[in-house]
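> I am sharing my_file.pdb, which consists of PDB, C-alpha atoms:
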```pdb
ATOM      1  CA  ILE Z   1     -31.062 -22.490 -40.773  1.00  0.00           C
ATOM      2  CA  THR Z   2     -31.787 -20.544 -37.591  1.00  0.00           C
ATOM      3  CA  PRO Z   3     -30.509 -21.062 -34.957  1.00  0.00           C
ATOM      4  CA  VAL Z   4     -27.009 -22.220 -36.040  1.00  0.00           C
ATOM      5  CA  LEU Z   5     -26.673 -25.901 -35.242  1.00  0.00           C
ATOM      6  CA  ALA Z   6     -23.669 -27.562 -33.650  1.00  0.00           C
ATOM      7  CA  ALA Z   7     -21.692 -30.191 -35.516  1.00  0.00           C
ATOM      8  CA  GLY Z   8     -23.340 -33.593 -35.651  1.00  0.00           C
ATOM      9  CA  THR Z   9     -26.468 -35.260 -37.031  1.00  0.00           C
ATOM     10  CA  HIS Z  10     -29.736 -33.341 -36.689  1.00  0.00           C
ATOM     11  CA  SER Z  11     -33.309 -34.167 -37.678  1.00  0.00           C
ATOM     12  CA  ILE Z  12     -34.993 -31.203 -39.341  1.00  0.00           C
ATOM     13  CA  GLU Z  13     -38.795 -31.071 -39.443  1.00  0.00           C
ATOM     14  CA  ILE Z  14     -40.124 -29.169 -42.406  1.00  0.00           C
ATOM     15  CA  LYS Z  15     -43.725 -27.984 -42.807  1.00  0.00           C
ATOM     16  CA  ALA Z  16     -45.008 -26.940 -46.201  1.00  0.00           C
ATOM     17  CA  SER Z  17     -48.254 -25.136 -46.941  1.00  0.00           C
ATOM     18  CA  LEU Z  18     -49.911 -26.347 -50.112  1.00  0.00           C
ATOM     19  CA  ALA Z  19     -51.983 -24.242 -52.483  1.00  0.00           C
ATOM     20  CA  ASN Z  20     -55.139 -26.145 -51.558  1.00  0.00           C
ATOM     21  CA  GLY Z  21     -54.731 -25.124 -47.903  1.00  0.00           C
ATOM     22  CA  CYS Z  22     -53.392 -28.439 -46.737  1.00  0.00           C
ATOM     23  CA  MET Z  23     -50.167 -28.874 -44.774  1.00  0.00           C
ATOM     24  CA  SER Z  24     -47.359 -31.278 -45.610  1.00  0.00           C
ATOM     25  CA  LEU Z  25     -44.913 -32.366 -42.943  1.00  0.00           C
ATOM     26  CA  PHE Z  26     -41.691 -34.325 -43.427  1.00  0.00           C
ATOM     27  CA  THR Z  27     -38.464 -34.897 -41.538  1.00  0.00           C
ATOM     28  CA  LYS Z  28     -34.941 -34.736 -43.003  1.00  0.00           C
ATOM     29  CA  SER Z  29     -31.729 -35.972 -41.335  1.00  0.00           C
ATOM     30  CA  ILE Z  30     -28.840 -33.571 -41.930  1.00  0.00           C
ATOM     31  CA  ILE Z  31     -25.201 -33.926 -40.885  1.00  0.00           C
ATOM     32  CA  PHE Z  32     -23.413 -30.719 -39.930  1.00  0.00           C
ATOM     33  CA  TYR Z  33     -19.591 -30.839 -40.134  1.00  0.00           C
ATOM     34  CA  THR Z  34     -16.995 -28.876 -38.190  1.00  0.00           C
ATOM     35  CA  LEU Z  35     -13.657 -29.296 -39.968  1.00  0.00           C
ATOM     36  CA  ASN Z  36     -11.461 -27.577 -37.343  1.00  0.00           C
ATOM     37  CA  ILE Z  37      -8.408 -27.629 -39.613  1.00  0.00           C
ATOM     38  CA  SER Z  38      -4.974 -26.881 -38.150  1.00  0.00           C
ATOM     39  CA  ALA Z  39      -1.467 -27.078 -39.600  1.00  0.00           C
ATOM     40  CA  THR Z  40       1.760 -27.843 -37.743  1.00  0.00           C
ATOM     41  CA  SER Z  41       5.435 -28.215 -38.645  1.00  0.00           C
ATOM     42  CA  SER Z  42       8.031 -30.599 -37.266  1.00  0.00           C
ATOM     43  CA  VAL Z  43      10.194 -27.500 -36.599  1.00  0.00           C
ATOM     44  CA  PRO Z  44       9.282 -23.768 -36.575  1.00  0.00           C
ATOM     45  CA  ALA Z  45      12.448 -22.681 -38.429  1.00  0.00           C
ATOM     46  CA  VAL Z  46      15.040 -24.260 -40.732  1.00  0.00           C
ATOM     47  CA  CYS Z  47      18.452 -23.368 -42.117  1.00  0.00           C
ATOM     48  CA  GLN Z  48      18.500 -22.000 -45.647  1.00  0.00           C
ATOM     49  CA  GLY Z  49      18.309 -24.892 -48.125  1.00  0.00           C
ATOM     50  CA  SER Z  50      16.781 -27.306 -45.594  1.00  0.00           C
ATOM     51  CA  SER Z  51      13.234 -28.710 -45.486  1.00  0.00           C
ATOM     52  CA  THR Z  52      10.593 -29.576 -42.909  1.00  0.00           C
ATOM     53  CA  THR Z  53       7.462 -31.724 -42.626  1.00  0.00           C
ATOM     54  CA  LEU Z  54       4.026 -30.101 -42.507  1.00  0.00           C
ATOM     55  CA  THR Z  55       0.962 -31.913 -41.141  1.00  0.00           C
ATOM     56  CA  ALA Z  56      -2.703 -30.958 -41.452  1.00  0.00           C
ATOM     57  CA  THR Z  57      -5.151 -32.197 -38.814  1.00  0.00           C
ATOM     58  CA  SER Z  58      -8.942 -32.026 -39.025  1.00  0.00           C
ATOM     59  CA  THR Z  59     -11.869 -33.641 -37.221  1.00  0.00           C
ATOM     60  CA  ASN Z  60     -13.953 -34.375 -40.324  1.00  0.00           C
ATOM     61  CA  ALA Z  61     -12.012 -33.448 -43.470  1.00  0.00           C
ATOM     62  CA  THR Z  62     -11.996 -35.917 -46.337  1.00  0.00           C
ATOM     63  CA  GLY Z  63      -9.675 -33.903 -48.589  1.00  0.00           C
ATOM     64  CA  TYR Z  64      -6.644 -31.660 -48.190  1.00  0.00           C
ATOM     65  CA  THR Z  65      -4.852 -29.307 -50.589  1.00  0.00           C
ATOM     66  CA  TRP Z  66      -1.567 -27.539 -49.790  1.00  0.00           C
ATOM     67  CA  TYR Z  67      -0.358 -24.268 -51.317  1.00  0.00           C
ATOM     68  CA  LYS Z  68       2.540 -21.852 -50.955  1.00  0.00           C
ATOM     69  CA  VAL Z  69       1.004 -18.458 -50.267  1.00  0.00           C
ATOM     70  CA  GLY Z  70       1.611 -16.272 -53.303  1.00  0.00           C
ATOM     71  CA  THR Z  71       1.484 -19.132 -55.800  1.00  0.00           C
ATOM     72  CA  ALA Z  72      -1.576 -20.485 -57.609  1.00  0.00           C
ATOM     73  CA  SER Z  73      -0.549 -24.094 -58.138  1.00  0.00           C
ATOM     74  CA  SER Z  74      -1.095 -26.666 -55.401  1.00  0.00           C
ATOM     75  CA  LEU Z  75       1.740 -28.601 -53.775  1.00  0.00           C
ATOM     76  CA  SER Z  76      -0.019 -31.760 -52.645  1.00  0.00           C
ATOM     77  CA  THR Z  77      -3.371 -33.304 -51.736  1.00  0.00           C
ATOM     78  CA  VAL Z  78      -2.321 -35.425 -48.752  1.00  0.00           C
ATOM     79  CA  PRO Z  79      -2.422 -34.434 -45.055  1.00  0.00           C
ATOM     80  CA  THR Z  80       1.376 -34.586 -44.530  1.00  0.00           C
ATOM     81  CA  ILE Z  81       3.917 -33.103 -46.921  1.00  0.00           C
ATOM     82  CA  ASN Z  82       7.629 -32.250 -47.104  1.00  0.00           C
ATOM     83  CA  THR Z  83       8.344 -28.647 -48.037  1.00  0.00           C
ATOM     84  CA  GLY Z  84      11.469 -29.386 -50.046  1.00  0.00           C
ATOM     85  CA  PRO Z  85      14.486 -27.038 -49.754  1.00  0.00           C
ATOM     86  CA  LEU Z  86      13.478 -23.564 -48.547  1.00  0.00           C
ATOM     87  CA  MET Z  87      15.595 -20.555 -49.501  1.00  0.00           C
ATOM     88  CA  ASP Z  88      13.422 -17.854 -47.901  1.00  0.00           C
ATOM     89  CA  SER Z  89      10.846 -17.660 -45.111  1.00  0.00           C
ATOM     90  CA  THR Z  90       7.594 -19.072 -46.525  1.00  0.00           C
ATOM     91  CA  THR Z  91       3.910 -19.198 -45.547  1.00  0.00           C
ATOM     92  CA  PHE Z  92       1.898 -22.307 -46.418  1.00  0.00           C
ATOM     93  CA  LYS Z  93      -1.878 -22.707 -46.667  1.00  0.00           C
ATOM     94  CA  VAL Z  94      -3.827 -25.940 -46.343  1.00  0.00           C
ATOM     95  CA  VAL Z  95      -7.472 -26.190 -47.429  1.00  0.00           C
ATOM     96  CA  ALA Z  96      -9.634 -28.940 -45.899  1.00  0.00           C
ATOM     97  CA  THR Z  97     -12.863 -30.088 -47.509  1.00  0.00           C
ATOM     98  CA  ASN Z  98     -15.781 -32.404 -46.804  1.00  0.00           C
ATOM     99  CA  GLY Z  99     -18.425 -32.199 -49.485  1.00  0.00           C
ATOM    100  CA  SER Z 100     -19.288 -28.520 -49.811  1.00  0.00           C
ATOM    101  CA  CYS Z 101     -17.684 -27.656 -46.450  1.00  0.00           C
ATOM    102  CA  ILE Z 102     -14.360 -25.817 -46.653  1.00  0.00           C
ATOM    103  CA  ASP Z 103     -11.941 -24.608 -44.001  1.00  0.00           C
ATOM    104  CA  SER Z 104      -8.315 -23.463 -44.179  1.00  0.00           C
ATOM    105  CA  SER Z 105      -5.262 -22.837 -42.028  1.00  0.00           C
ATOM    106  CA  PHE Z 106      -1.974 -20.951 -42.530  1.00  0.00           C
ATOM    107  CA  LEU Z 107       1.508 -21.840 -41.299  1.00  0.00           C
ATOM    108  CA  GLY Z 108       4.709 -19.788 -41.574  1.00  0.00           C
ATOM    109  CA  ILE Z 109       8.196 -21.342 -41.662  1.00  0.00           C
ATOM    110  CA  ASP Z 110      11.173 -19.099 -40.862  1.00  0.00           C
ATOM    111  CA  VAL Z 111      14.364 -19.621 -42.872  1.00  0.00           C
ATOM    112  CA  VAL Z 112      17.638 -18.722 -41.127  1.00  0.00           C
ATOM    113  CA  LYS Z 113      20.375 -17.484 -43.472  1.00  0.00           C
ATOM    114  CA  ALA Z 114      23.885 -18.006 -42.094  1.00  0.00           C
ATOM    115  CA  ASN Z 115      25.831 -16.042 -44.701  1.00  0.00           C
ATOM    116  CA  PHE Z 116      27.704 -13.078 -43.201  1.00  0.00           C
ATOM    117  CA  LYS Z 117      30.684 -10.741 -43.613  1.00  0.00           C
ATOM    118  CA  ALA Z 118      33.269 -10.719 -40.818  1.00  0.00           C
ATOM    119  CA  SER Z 119      35.025  -7.440 -40.023  1.00  0.00           C
ATOM    120  CA  GLY Z 120      38.799  -7.141 -39.674  1.00  0.00           C
ATOM    121  CA  ASP Z 121      40.268  -6.952 -43.197  1.00  0.00           C
ATOM    122  CA  THR Z 122      43.003  -4.361 -42.714  1.00  0.00           C
ATOM    123  CA  THR Z 123      46.656  -3.435 -43.177  1.00  0.00           C
ATOM    124  CA  LEU Z 124      48.941  -3.148 -40.120  1.00  0.00           C
ATOM    125  CA  CYS Z 125      52.460  -2.207 -39.229  1.00  0.00           C
ATOM    126  CA  PRO Z 126      54.541  -4.910 -37.484  1.00  0.00           C
ATOM    127  CA  GLY Z 127      53.521  -5.250 -33.824  1.00  0.00           C
ATOM    128  CA  GLN Z 128      50.046  -3.806 -34.281  1.00  0.00           C
ATOM    129  CA  SER Z 129      46.830  -5.712 -33.487  1.00  0.00           C
ATOM    130  CA  VAL Z 130      43.344  -5.958 -34.993  1.00  0.00           C
ATOM    131  CA  ASN Z 131      40.078  -7.209 -33.526  1.00  0.00           C
ATOM    132  CA  MET Z 132      38.118  -9.413 -35.923  1.00  0.00           C
ATOM    133  CA  THR Z 133      34.368  -9.844 -35.329  1.00  0.00           C
ATOM    134  CA  VAL Z 134      31.248 -11.610 -36.634  1.00  0.00           C
ATOM    135  CA  PRO Z 135      27.637 -10.317 -36.284  1.00  0.00           C
ATOM    136  CA  SER Z 136      25.965 -10.700 -32.887  1.00  0.00           C
ATOM    137  CA  THR Z 137      23.112 -12.677 -34.505  1.00  0.00           C
ATOM    138  CA  PHE Z 138      25.400 -15.713 -34.233  1.00  0.00           C
ATOM    139  CA  ASN Z 139      25.856 -17.772 -31.090  1.00  0.00           C
ATOM    140  CA  THR Z 140      29.378 -19.187 -31.510  1.00  0.00           C
ATOM    141  CA  ALA Z 141      32.378 -18.662 -33.787  1.00  0.00           C
ATOM    142  CA  ASN Z 142      35.647 -20.524 -34.332  1.00  0.00           C
ATOM    143  CA  TRP Z 143      38.749 -19.039 -35.972  1.00  0.00           C
ATOM    144  CA  PHE Z 144      41.340 -20.786 -38.149  1.00  0.00           C
ATOM    145  CA  ILE Z 145      44.568 -19.830 -39.941  1.00  0.00           C
ATOM    146  CA  LEU Z 146      44.710 -20.605 -43.658  1.00  0.00           C
ATOM    147  CA  PRO Z 147      45.808 -22.470 -45.674  1.00  0.00           C
ATOM    148  CA  ALA Z 148      46.424 -25.195 -43.060  1.00  0.00           C
ATOM    149  CA  ASN Z 149      43.018 -24.479 -41.426  1.00  0.00           C
ATOM    150  CA  THR Z 150      44.672 -24.579 -37.995  1.00  0.00           C
ATOM    151  CA  ALA Z 151      42.327 -23.700 -35.125  1.00  0.00           C
ATOM    152  CA  VAL Z 152      43.567 -20.636 -33.230  1.00  0.00           C
ATOM    153  CA  GLY Z 153      40.636 -19.354 -31.156  1.00  0.00           C
ATOM    154  CA  SER Z 154      36.913 -18.965 -30.597  1.00  0.00           C
ATOM    155  CA  GLY Z 155      34.372 -16.236 -29.842  1.00  0.00           C
ATOM    156  CA  LEU Z 156      32.370 -13.674 -31.763  1.00  0.00           C
ATOM    157  CA  SER Z 157      35.442 -11.421 -31.586  1.00  0.00           C
ATOM    158  CA  TYR Z 158      39.092 -12.432 -31.796  1.00  0.00           C
ATOM    159  CA  THR Z 159      42.203 -10.217 -31.580  1.00  0.00           C
ATOM    160  CA  VAL Z 160      45.400 -11.063 -33.476  1.00  0.00           C
ATOM    161  CA  THR Z 161      48.884  -9.557 -33.772  1.00  0.00           C
ATOM    162  CA  PRO Z 162      50.337 -11.277 -36.829  1.00  0.00           C
ATOM    163  CA  SER Z 163      53.989 -10.875 -37.757  1.00  0.00           C
ATOM    164  CA  THR Z 164      53.318 -11.490 -41.447  1.00  0.00           C
ATOM    165  CA  THR Z 165      50.317 -11.171 -43.754  1.00  0.00           C
ATOM    166  CA  THR Z 166      47.827 -13.838 -42.635  1.00  0.00           C
ATOM    167  CA  SER Z 167      44.437 -15.147 -43.829  1.00  0.00           C
ATOM    168  CA  TYR Z 168      41.925 -16.194 -41.161  1.00  0.00           C
ATOM    169  CA  ARG Z 169      38.801 -18.290 -41.676  1.00  0.00           C
ATOM    170  CA  VAL Z 170      35.881 -17.973 -39.251  1.00  0.00           C
ATOM    171  CA  VAL Z 171      32.984 -20.434 -38.942  1.00  0.00           C
ATOM    172  CA  ALA Z 172      29.964 -18.955 -37.118  1.00  0.00           C
ATOM    173  CA  THR Z 173      26.838 -20.833 -35.947  1.00  0.00           C
ATOM    174  CA  THR Z 174      23.395 -19.592 -34.915  1.00  0.00           C
ATOM    175  CA  ALA Z 175      21.677 -20.833 -31.756  1.00  0.00           C
ATOM    176  CA  SER Z 176      18.395 -22.417 -32.945  1.00  0.00           C
ATOM    177  CA  PRO Z 177      18.338 -23.842 -35.462  1.00  0.00           C
ATOM    178  CA  ALA Z 178      22.102 -24.384 -35.571  1.00  0.00           C
ATOM    179  CA  CYS Z 179      22.991 -22.926 -38.982  1.00  0.00           C
ATOM    180  CA  SER Z 180      26.650 -22.383 -39.926  1.00  0.00           C
ATOM    181  CA  GLY Z 181      28.376 -20.034 -42.338  1.00  0.00           C
ATOM    182  CA  SER Z 182      31.961 -18.969 -42.940  1.00  0.00           C
ATOM    183  CA  ASP Z 183      34.018 -16.023 -44.148  1.00  0.00           C
ATOM    184  CA  THR Z 184      37.698 -15.152 -44.651  1.00  0.00           C
ATOM    185  CA  VAL Z 185      39.539 -12.167 -43.155  1.00  0.00           C
ATOM    186  CA  ILE Z 186      42.899 -11.066 -44.573  1.00  0.00           C
ATOM    187  CA  VAL Z 187      45.249  -9.093 -42.319  1.00  0.00           C
ATOM    188  CA  THR Z 188      48.102  -7.557 -44.303  1.00  0.00           C
ATOM    189  CA  VAL Z 189      51.329  -6.685 -42.438  1.00  0.00           C
ATOM    190  CA  ARG Z 190      53.509  -4.012 -44.044  1.00  0.00           C
ATOM    191  CA  SER Z 191      57.094  -4.868 -44.765  1.00  0.00           C
ATOM    192  CA  VAL Z 192      59.379  -2.431 -42.914  1.00  0.00           C
ATOM    193  CA  SER Z 193      63.126  -2.222 -43.690  1.00  0.00           C
ATOM    194  CA  LEU Z 194      65.593  -0.585 -41.252  1.00  0.00           C
ATOM    195  CA  PRO Z 195      67.648   2.204 -42.841  1.00  0.00           C
ATOM    196  CA  VAL Z 196      71.299   1.528 -43.673  1.00  0.00           C
ATOM    197  CA  VAL Z 197      73.694   4.361 -42.650  1.00  0.00           C
ATOM    198  CA  SER Z 198      76.894   4.720 -44.690  1.00  0.00           C
ATOM    199  CA  GLY Z 199      79.919   7.033 -44.273  1.00  0.00           C
ATOM    200  CA  PRO Z 200      83.265   7.145 -42.448  1.00  0.00           C
ATOM    201  CA  ARG Z 201      83.283   5.406 -39.079  1.00  0.00           C
ATOM    202  CA  GLY Z 202      85.701   7.996 -37.572  1.00  0.00           C
ATOM    203  CA  VAL Z 203      86.827  11.560 -38.221  1.00  0.00           C
ATOM    204  CA  CYS Z 204      89.457  13.877 -36.797  1.00  0.00           C
ATOM    205  CA  ALA Z 205      88.497  16.495 -34.247  1.00  0.00           C
ATOM    206  CA  GLY Z 206      87.283  19.627 -35.965  1.00  0.00           C
ATOM    207  CA  SER Z 207      86.633  17.797 -39.251  1.00  0.00           C
ATOM    208  CA  THR Z 208      83.303  17.230 -40.966  1.00  0.00           C
ATOM    209  CA  THR Z 209      81.895  14.266 -42.858  1.00  0.00           C
ATOM    210  CA  SER Z 210      78.728  13.209 -44.675  1.00  0.00           C
ATOM    211  CA  THR Z 211      76.455  10.251 -43.949  1.00  0.00           C
ATOM    212  CA  TYR Z 212      73.904   8.636 -46.189  1.00  0.00           C
ATOM    213  CA  THR Z 213      70.845   6.494 -45.473  1.00  0.00           C
ATOM    214  CA  SER Z 214      69.273   4.012 -47.812  1.00  0.00           C
TER
END
```
Please render this file's structure as structure tokens.

Amino acid sequence: ITPVLAAGTHSIEIKASLANGCMSLFTKSIIFYTLNISATSSVPAVCQGSSTTLTATSTNATGYTWYKVGTASSLSTVPTINTGPLMDSTTFKVVATNGSCIDSSFLGIDVVKANFKASGDTTLCPGQSVNMTVPSTFNTANWFILPANTAVGSGLSYTVTPSTTTSYRVVATTASPACSGSDTVIVTVRSVSLPVVSGPRGVCAGSTTSTYTS
């Protein structure tokens, strides 16, 4: 139909020319739909393994079908769904229908993965220090000594000077959403023994002696 009609109810007048030269005129009432489908999430990003709620909104839709982009099977046929646990960032598609009218909308959900590897595993001599760090993608970090899990400090970097071999556990958390992960750093301290000197404690002037270390 030209011109394109706005959504709503319209009366269409149709004229038909008959073979006998007569004209036939009739009027038809037609409803034009605008679905205006949109999809929203309760949160834009979730921690790995968490879920969120997705909601489809439309002005005239009578049916909805949800899909994960990249998969053929549908997830649900209701306007609001729960994603279930998400392990990777995922894009969802919702299709709205009303009779033969179809419209669709896409919605991406970011998944934040909090697994990481802290730096600092090393071997030191007594009295030496090491700076242990977590990636800058995290917002906060707390450090603990194992096995008692005693809190010893905080910050994305933490410097220690252990006297003996020590295992440290760090728990790091992202800003938004607040997703936490942990890792263990082992700082090995070498065992150093002082040499033992053996031999005579005194000698006569002009004499010689031998000493031994072990």
> In Å to one decimal, how far is atom CA of Tyr168 of chain Z from atom CA of Gly155 of chain Z?
13.6 Å
> On this file, the PyMOL selection byres ((chain Z and resi 58-72) around 7) gives some set of residues; write that set as JSON, numbers by chain.
{"Z": [33, 34, 35, 36, 37, 38, 56, 57, 73, 74, 75, 76, 77, 78, 79, 91, 92, 93, 94, 95, 96, 97, 98]}
> One decimal, Å: what's the distance from atom CA of Ser51 of chain Z over to atom CA of Asn115 of chain Z, could you say?
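Computing it gives 17.9 Å between the two atoms.
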> Evaluate the PyMOL selection byres ((chain Z and resi 107) around 8) on the structure here and hand back the selected residues as an MDAnalysis selection string.
chainID Z and resid 39:41 91:93 105:106 108:109
> Store the residues of this selection in a file with C-alpha atoms, as a PDB file, in the frame of the given file.

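again.pdb, written as the output of this step:
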```
ATOM      1  CA  ALA Z  39      -1.467 -27.078 -39.600  1.00  0.00           C
ATOM      2  CA  THR Z  40       1.760 -27.843 -37.743  1.00  0.00           C
ATOM      3  CA  SER Z  41       5.435 -28.215 -38.645  1.00  0.00           C
ATOM      4  CA  THR Z  91       3.910 -19.198 -45.547  1.00  0.00           C
ATOM      5  CA  PHE Z  92       1.898 -22.307 -46.418  1.00  0.00           C
ATOM      6  CA  LYS Z  93      -1.878 -22.707 -46.667  1.00  0.00           C
ATOM      7  CA  SER Z 105      -5.262 -22.837 -42.028  1.00  0.00           C
ATOM      8  CA  PHE Z 106      -1.974 -20.951 -42.530  1.00  0.00           C
ATOM      9  CA  GLY Z 108       4.709 -19.788 -41.574  1.00  0.00           C
ATOM     10  CA  ILE Z 109       8.196 -21.342 -41.662  1.00  0.00           C
TER      11      ILE Z 109
END
```
> For segment 145-152 of chain Z, I'd like the enclosing box, axis-aligned and padded by 3 Å on every side, reported as lines of an AutoDock Vina configuration file with centre and edge lengths in Å to one decimal.

```
center_x = 44.4
center_y = -22.5
center_z = -39.5
size_x = 10.1
size_y = 11.4
size_z = 18.4
```
> What does the structure give for the distance between atom CA of Asn142 of chain Z and atom CA of Ile186 of chain Z, in Å to one decimal?
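Calculated distance between atom CA of Asn142 of chain Z and atom CA of Ile186 of chain Z is 15.7 Å.
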> Taking a cut-off of 8 Å and counting only C-alpha atoms, can you build a table that, for each residue of segment 74-155 of chain Z near segment 173-180 of chain Z, reports the nearest atom pair and how far apart they are in Å (one decimal), sorted by chain then residue number, as JSON lines?

```
{"residue": "Z:Val112", "atom": "CA", "partner": "Z:Cys179", "partner_atom": "CA", "distance": 7.1}
{"residue": "Z:Lys113", "atom": "CA", "partner": "Z:Cys179", "partner_atom": "CA", "distance": 7.5}
{"residue": "Z:Ala114", "atom": "CA", "partner": "Z:Ser180", "partner_atom": "CA", "distance": 5.6}
{"residue": "Z:Asn115", "atom": "CA", "partner": "Z:Ser180", "partner_atom": "CA", "distance": 8.0}
{"residue": "Z:Thr137", "atom": "CA", "partner": "Z:Thr174", "partner_atom": "CA", "distance": 6.9}
{"residue": "Z:Phe138", "atom": "CA", "partner": "Z:Thr174", "partner_atom": "CA", "distance": 4.4}
{"residue": "Z:Asn139", "atom": "CA", "partner": "Z:Thr174", "partner_atom": "CA", "distance": 4.9}
{"residue": "Z:Thr140", "atom": "CA", "partner": "Z:Thr173", "partner_atom": "CA", "distance": 5.4}
{"residue": "Z:Ala141", "atom": "CA", "partner": "Z:Thr173", "partner_atom": "CA", "distance": 6.3}
```
> In terms of the shortest atom-to-atom distance over only C-alpha atoms, which of Z:Ser167, Z:Thr159, Z:Ser100, Z:Thr123 is closest to Pro147 of chain Z?
Z:Ser167
> Convert the output of the PyMOL selection byres ((chain Z and resi 164) around 9) on the shown file into explicit residues, formatted as a CSV table (one decimal) with C-alpha atoms, keeping the file's coordinate frame.

```
chain,number,residue,atom,x,y,z
Z,126,PRO,CA,54.5,-4.9,-37.5
Z,162,PRO,CA,50.3,-11.3,-36.8
Z,163,SER,CA,54.0,-10.9,-37.8
Z,165,THR,CA,50.3,-11.2,-43.8
Z,166,THR,CA,47.8,-13.8,-42.6
Z,187,VAL,CA,45.2,-9.1,-42.3
Z,188,THR,CA,48.1,-7.6,-44.3
Z,189,VAL,CA,51.3,-6.7,-42.4
Z,190,ARG,CA,53.5,-4.0,-44.0
Z,191,SER,CA,57.1,-4.9,-44.8
```
> Between Z:Ser157, Z:Asn82, Z:Thr150, Z:Thr27, which is the closest to Val130 of chain Z once you count all atoms listed in the file?
Z:Ser157
> Given the choices Z:Ala45, Z:Val160, Z:Leu18, Z:Val171, which gets closest to Leu124 of chain Z if the distance is worked out from only C-alpha atoms?
Z:Val160
> With only C-alpha atoms counted, which protein, DNA or RNA residues have an atom no more than 8 Å from (27.6, -9.8, -35.7) in the file frame? Please answer as a VMD selection string.
chain Z and resid 118 133 to 138 156
> For Phe116 of chain Z, which residue out of Z:Gly181, Z:Ile12, Z:Gln128, Z:Phe144 is the nearest one, using all atoms listed in the file?
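The shortest atom-to-atom distance to Phe116 of chain Z comes from Z:Gly181.
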> Counting all atoms listed in the file, figure out which residue out of Z:Asp88, Z:Asp183, Z:Glu13, Z:Asp103 gets nearest to Ile145 of chain Z.
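Ranking Z:Asp88, Z:Asp183, Z:Glu13, Z:Asp103 by distance to Ile145 of chain Z, first place goes to Z:Asp183.
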> Write out as a list in words the residues lying within 8 Å of Thr83 of chain Z, counting all atoms listed in the file and excluding same-chain residues fewer than 6 positions away.
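Listing them by chain and then by number gives Ser51, Thr52, Thr53 and Leu54 of chain Z.
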> Please save C-alpha atoms of the selected residues as an mmCIF file, in the frame of the given file.

```cif
data_model
loop_
_atom_site.group_PDB
_atom_site.id
_atom_site.type_symbol
_atom_site.label_atom_id
_atom_site.label_comp_id
_atom_site.auth_asym_id
_atom_site.auth_seq_id
_atom_site.Cartn_x
_atom_site.Cartn_y
_atom_site.Cartn_z
ATOM 1 C CA SER Z 51 13.234 -28.710 -45.486
ATOM 2 C CA THR Z 52 10.593 -29.576 -42.909
ATOM 3 C CA THR Z 53 7.462 -31.724 -42.626
ATOM 4 C CA LEU Z 54 4.026 -30.101 -42.507
#
```
